[in-house]
Amino acid sequence: MTPRLLRAIVPLLLAVPLACAAQAQGKLLLTGGISSIDGSAGGGLSPWALTGSYATSGQTGATAYFTRLPVQDYSLSGYGASVAFGERAEVSLARQDFNASATGAALGLPGLRLKQTILGAKIRLAGDAVLDADTWMPQVALGVEYKHLDSGGLAPTLDALGARRSGIDVYLSASKLFLAQSTLVNVTLRATRANQNGLLGFGGSASRSYSLAPEVSVAYLLSRQWAVGVEYRMKPDKLNPSVLGDALREDDWKDVFVAWAPNKHVSLTAAYVDLGRVVPGLQPRRQRGVYGSIQFAY
Amino acid sequence: MRRSSRDSWWPAALARRVLVAMALLTGLAAWAEDDALYRDLGGEEGIARIVEGMVDRAYADPRIQKKFDGVNPKALKESLRRQFCALSGGNCAYEGETMKKSHAHLAVDKADFNALVEDLQLAMDEQKVPFTVQNRLLALLAPMHRDIITR
């Protein structure tokens with residue numbers, strides 16, 4: 001799929017909610033999660049087994065979001081949309097714009113931006129994360145993300161490193177709300193070979209194989225409208241070593257977040273995110289920053 | 001102090017008393033544990049007010065009010081009071097119909113079920129029931145979705 005075509009699809013997806021004459025508000029507040037950076041419903045960094053929006057059985061719902069994450073030497077902007085078919089399936093589209101001008105300048109690529117498009121699909125296989133409060137059975141979903149990177153001037157470098165420009169992640173998520181304890185736990189196991197989530201391509205000369213990377217999120221509900229939590233996302237490390245030694249070594253991602261949903265149409269999330277080192281050969285310090293995200297649901 | 005004949009076996013008597021006290025305390029602790037939620041909900045009166053608020057909201061809720069056509073609200077409240085009391089560990093017995101039977105003909109879907117949950121949450125908010133206590137009650141009610149949701 002070409003980026004031009006994808007650009008045409010985004011406004012289309014955004015128009016879906018307007019076409020949804022039926023009110024899709026059958027779920028309880030915040031039980032559709034928020035929009036993760038890859039577009040799927042979840043926490044901020046990790047997809048969950050929940051489907052997005054407030055659509056439950058027999059309803060179709062949609063979400064749209066915008067996210068900003070400035071860190072020390074980079075900044076990430078993202079936007080996207082998703083459509084949920086009841087609590088059975090979800091499709092999502094996300095665009096990421098990663099500003100790497102500082103690193104680009106050091107490589108003779110001023111104004112370097114890495115742009116990634118992510119097409120996601122998720123299907124719920126079993127369970128009800130919220131209502132099955134008397135069992136340990138979680139809600140389980142299988143998801144797939146097709147990622148395409150527009151690496152701009154960095155393309156020859158990625159070629160030299162053996163990193164491809166597109167890749168597919170497959171993940172299995174289990175979400176469980178321990179209702180009596182007001183605590184939601186999600187565990188996602190992702191098969192991936194994405195470097196920095198795909199922003200530095202997929203795989204490398206050292207390894208083309210997939211890795212299984214676990215991701216864990218724990219959220220505590222303070223009220224119907226407020227949740228706080230932590231996330232930890234492990235990552236493969238396919239560009240370490242590379243022809244540049246360990247200059248492209250990558251670290252796990254983690255964050256602490258607070259989410260607020262004043263109603264079923266909008267939610268705001270703030271997080272303190274630690275991306276670890278990103279291209280430590282050029283930017284040796286850890287990349288940390290405050291993440292802000294707004295989501296609209298219909 | 002004069003030694004009585006009883007003193008000769010006081011260790012046994014003490015042991016017996018300690019055992020009785022322990023049994024009592026254990027029983028009390030178990031009782032306290034069992035009806036903790038009932039008490040946190042405000043006991044009989046608290047539960048009555050919660051049920052009152054929930055049913056009144058449900059009857060006025062355009063999403064689900066049709067489901068209550070022909071249902072006597074007084075009888076429904078009485079039945080729910082007993083059910084919530086029994087569920088939360090109060091000293092009552094719920095003798096109403098099974099959830100499956102009483103909802104079989106209503107074609108309740110998940111959105112209807114969640115709408116009633118929201119009406120209950122609002123009723124508990126009004127009674128200043130803390131959110132954590134609300135969730136302990138909801139955790140006991142939520143599994144009933146298997147018998148209540150039929151479409």
# chains A, B, ... in the order shown; residues from 1 in each chain; ligands from 1
call {"tool": "residues_around", "arguments": {"residues": "Phe66 of chain A", "least_positions_apart": "5", "cutoff": "7 Å", "atoms": "only C-alpha atoms", "output": "ChimeraX atom specification"}}
result
/A:78-80,293-295
call {"tool": "residues_around", "arguments": {"residues": "Pro73 of chain B", "least_positions_apart": "6", "cutoff": "9 Å", "atoms": "only C-alpha atoms", "output": "list in words"}}
result
Val55, Asp56 and Tyr59 of chain B
call {"tool": "atom_distance", "arguments": {"atom1": "atom CA of Phe85 of chain A", "atom2": "atom CA of Asn263 of chain A"}}
result
20.6 Å
call {"tool": "atom_distance", "arguments": {"atom1": "atom CA of Trp48 of chain A", "atom2": "atom CA of Asn135 of chain B"}}
result
21.4 Å
call {"tool": "residues_around", "arguments": {"residues": "Ser102 of chain B", "least_positions_apart": "4", "cutoff": "12 Å", "atoms": "only C-alpha atoms", "output": "compact mmCIF listing (two decimals) with N, CA, C and O atoms, in the first residue's frame"}}
result
# COMPACT_ATOMS: atom_id res chain seq x y z
N LYS B 67 -37.85 -2.35 29.42
CA LYS B 67 -37.67 -3.69 30.01
C LYS B 67 -38.48 -3.85 31.29
O LYS B 67 -38.67 -4.97 31.76
N PHE B 68 -38.90 -2.73 31.87
CA PHE B 68 -39.60 -2.80 33.15
C PHE B 68 -41.11 -2.64 33.01
O PHE B 68 -41.80 -2.52 34.01
N VAL B 71 -43.68 -4.29 35.38
CA VAL B 71 -43.02 -4.78 36.59
C VAL B 71 -43.31 -3.80 37.73
O VAL B 71 -43.06 -2.61 37.60
N LEU B 76 -40.06 -5.15 42.90
CA LEU B 76 -38.70 -5.29 42.38
C LEU B 76 -37.68 -4.79 43.40
O LEU B 76 -36.65 -5.43 43.66
N SER B 79 -37.28 -7.27 46.20
CA SER B 79 -36.51 -8.43 45.76
C SER B 79 -35.01 -8.09 45.66
O SER B 79 -34.16 -8.86 46.10
N GLY B 96 -36.02 -15.10 45.67
CA GLY B 96 -36.68 -14.77 44.41
C GLY B 96 -36.35 -15.78 43.32
O GLY B 96 -35.67 -16.78 43.55
N GLU B 97 -36.84 -15.48 42.15
CA GLU B 97 -36.59 -16.36 41.01
C GLU B 97 -35.11 -16.35 40.65
O GLU B 97 -34.39 -15.43 41.00
N THR B 98 -34.68 -17.35 39.90
CA THR B 98 -33.29 -17.32 39.44
C THR B 98 -33.16 -16.20 38.40
O THR B 98 -34.14 -15.79 37.77
N LEU B 106 -36.83 -11.16 28.42
CA LEU B 106 -36.60 -9.72 28.29
C LEU B 106 -35.67 -9.32 27.14
O LEU B 106 -35.55 -8.14 26.83
N ALA B 107 -35.02 -10.29 26.53
CA ALA B 107 -34.09 -10.00 25.43
C ALA B 107 -33.09 -8.90 25.83
O ALA B 107 -32.93 -7.90 25.13
N VAL B 108 -32.44 -9.10 26.95
CA VAL B 108 -31.46 -8.12 27.44
C VAL B 108 -30.14 -8.31 26.69
O VAL B 108 -29.65 -9.44 26.56
N MET B 144 -23.36 -12.31 36.81
CA MET B 144 -24.75 -12.66 36.47
C MET B 144 -25.06 -12.35 35.00
O MET B 144 -26.10 -12.74 34.51
N ASP B 147 -26.37 -15.16 32.89
CA ASP B 147 -27.77 -15.58 32.94
C ASP B 147 -28.72 -14.51 32.43
O ASP B 147 -29.84 -14.80 32.04
N ILE B 148 -28.26 -13.26 32.48
CA ILE B 148 -29.17 -12.15 32.18
C ILE B 148 -29.14 -11.75 30.71
O ILE B 148 -30.17 -11.47 30.10
N ILE B 149 -27.93 -11.71 30.15
CA ILE B 149 -27.81 -11.30 28.74
C ILE B 149 -28.17 -12.47 27.85
O ILE B 149 -27.55 -13.53 27.91
N THR B 150 -29.21 -12.27 27.05
CA THR B 150 -29.68 -13.39 26.21
C THR B 150 -29.57 -13.10 24.73
O THR B 150 -29.97 -13.90 23.90
call {"tool": "interface_residues", "arguments": {"of": "chain B", "to": "chain A", "cutoff": "9 Å", "atoms": "only C-alpha atoms", "output": "PyMOL selection string"}}
result
chain B and resi 109-115+117-118+131-146+151
call {"tool": "residues_around", "arguments": {"residues": "Lys77 of chain B", "least_positions_apart": "4", "cutoff": "10 Å", "atoms": "only C-alpha atoms", "output": "NGL selection string"}}
result
:B and (48-56 or 72-73 or 81-83)
call {"tool": "write_last_selection", "arguments": {"atoms": "N, CA, C and O atoms", "output": "short mmCIF file (atom, residue, chain, number, x, y, z; two decimals), in the first residue's frame"}}
result
data_model
loop_
_atom_site.label_atom_id
_atom_site.label_comp_id
_atom_site.auth_asym_id
_atom_site.auth_seq_id
_atom_site.Cartn_x
_atom_site.Cartn_y
_atom_site.Cartn_z
N ALA B 48 -31.14 -0.33 51.03
CA ALA B 48 -32.49 0.08 50.62
C ALA B 48 -32.41 1.37 49.80
O ALA B 48 -33.07 1.51 48.77
N ARG B 49 -31.58 2.30 50.25
CA ARG B 49 -31.47 3.58 49.53
C ARG B 49 -30.80 3.40 48.16
O ARG B 49 -31.18 4.03 47.17
N ILE B 50 -29.79 2.52 48.13
CA ILE B 50 -29.10 2.25 46.86
C ILE B 50 -30.08 1.65 45.85
O ILE B 50 -30.16 2.07 44.69
N VAL B 51 -30.84 0.64 46.31
CA VAL B 51 -31.80 -0.04 45.43
C VAL B 51 -32.88 0.94 44.96
O VAL B 51 -33.24 0.97 43.78
N GLU B 52 -33.36 1.74 45.89
CA GLU B 52 -34.36 2.75 45.57
C GLU B 52 -33.85 3.64 44.43
O GLU B 52 -34.53 3.85 43.42
N GLY B 53 -32.62 4.14 44.60
CA GLY B 53 -32.04 5.04 43.60
C GLY B 53 -31.83 4.34 42.27
O GLY B 53 -32.09 4.92 41.20
N MET B 54 -31.36 3.11 42.32
CA MET B 54 -31.10 2.38 41.08
C MET B 54 -32.40 2.11 40.32
O MET B 54 -32.47 2.35 39.10
N VAL B 55 -33.41 1.60 41.01
CA VAL B 55 -34.65 1.25 40.33
C VAL B 55 -35.34 2.50 39.78
O VAL B 55 -35.82 2.52 38.64
N ASP B 56 -35.35 3.58 40.57
CA ASP B 56 -35.97 4.82 40.08
C ASP B 56 -35.26 5.32 38.82
O ASP B 56 -35.91 5.76 37.87
N ASN B 72 -43.84 -4.34 38.83
CA ASN B 72 -44.16 -3.51 39.99
C ASN B 72 -42.85 -3.05 40.65
O ASN B 72 -42.09 -3.87 41.16
N PRO B 73 -42.59 -1.74 40.66
CA PRO B 73 -41.30 -1.27 41.20
C PRO B 73 -41.13 -1.59 42.68
O PRO B 73 -40.01 -1.86 43.13
N ARG B 81 -33.41 -5.66 47.23
CA ARG B 81 -32.87 -5.41 48.58
C ARG B 81 -32.41 -6.72 49.20
O ARG B 81 -31.32 -6.81 49.75
N ARG B 82 -33.28 -7.73 49.10
CA ARG B 82 -32.94 -9.03 49.69
C ARG B 82 -31.73 -9.63 48.98
O ARG B 82 -30.84 -10.19 49.60
N GLN B 83 -31.70 -9.49 47.66
CA GLN B 83 -30.60 -10.09 46.89
C GLN B 83 -29.28 -9.42 47.24
O GLN B 83 -28.28 -10.08 47.48
#
call {"tool": "residues_around", "arguments": {"residues": "segment 142-144 of chain A", "least_positions_apart": "6", "cutoff": "8 Å", "atoms": "only C-alpha atoms", "output": "number ranges by chain"}}
result
A: 49, 120-125, 168-173
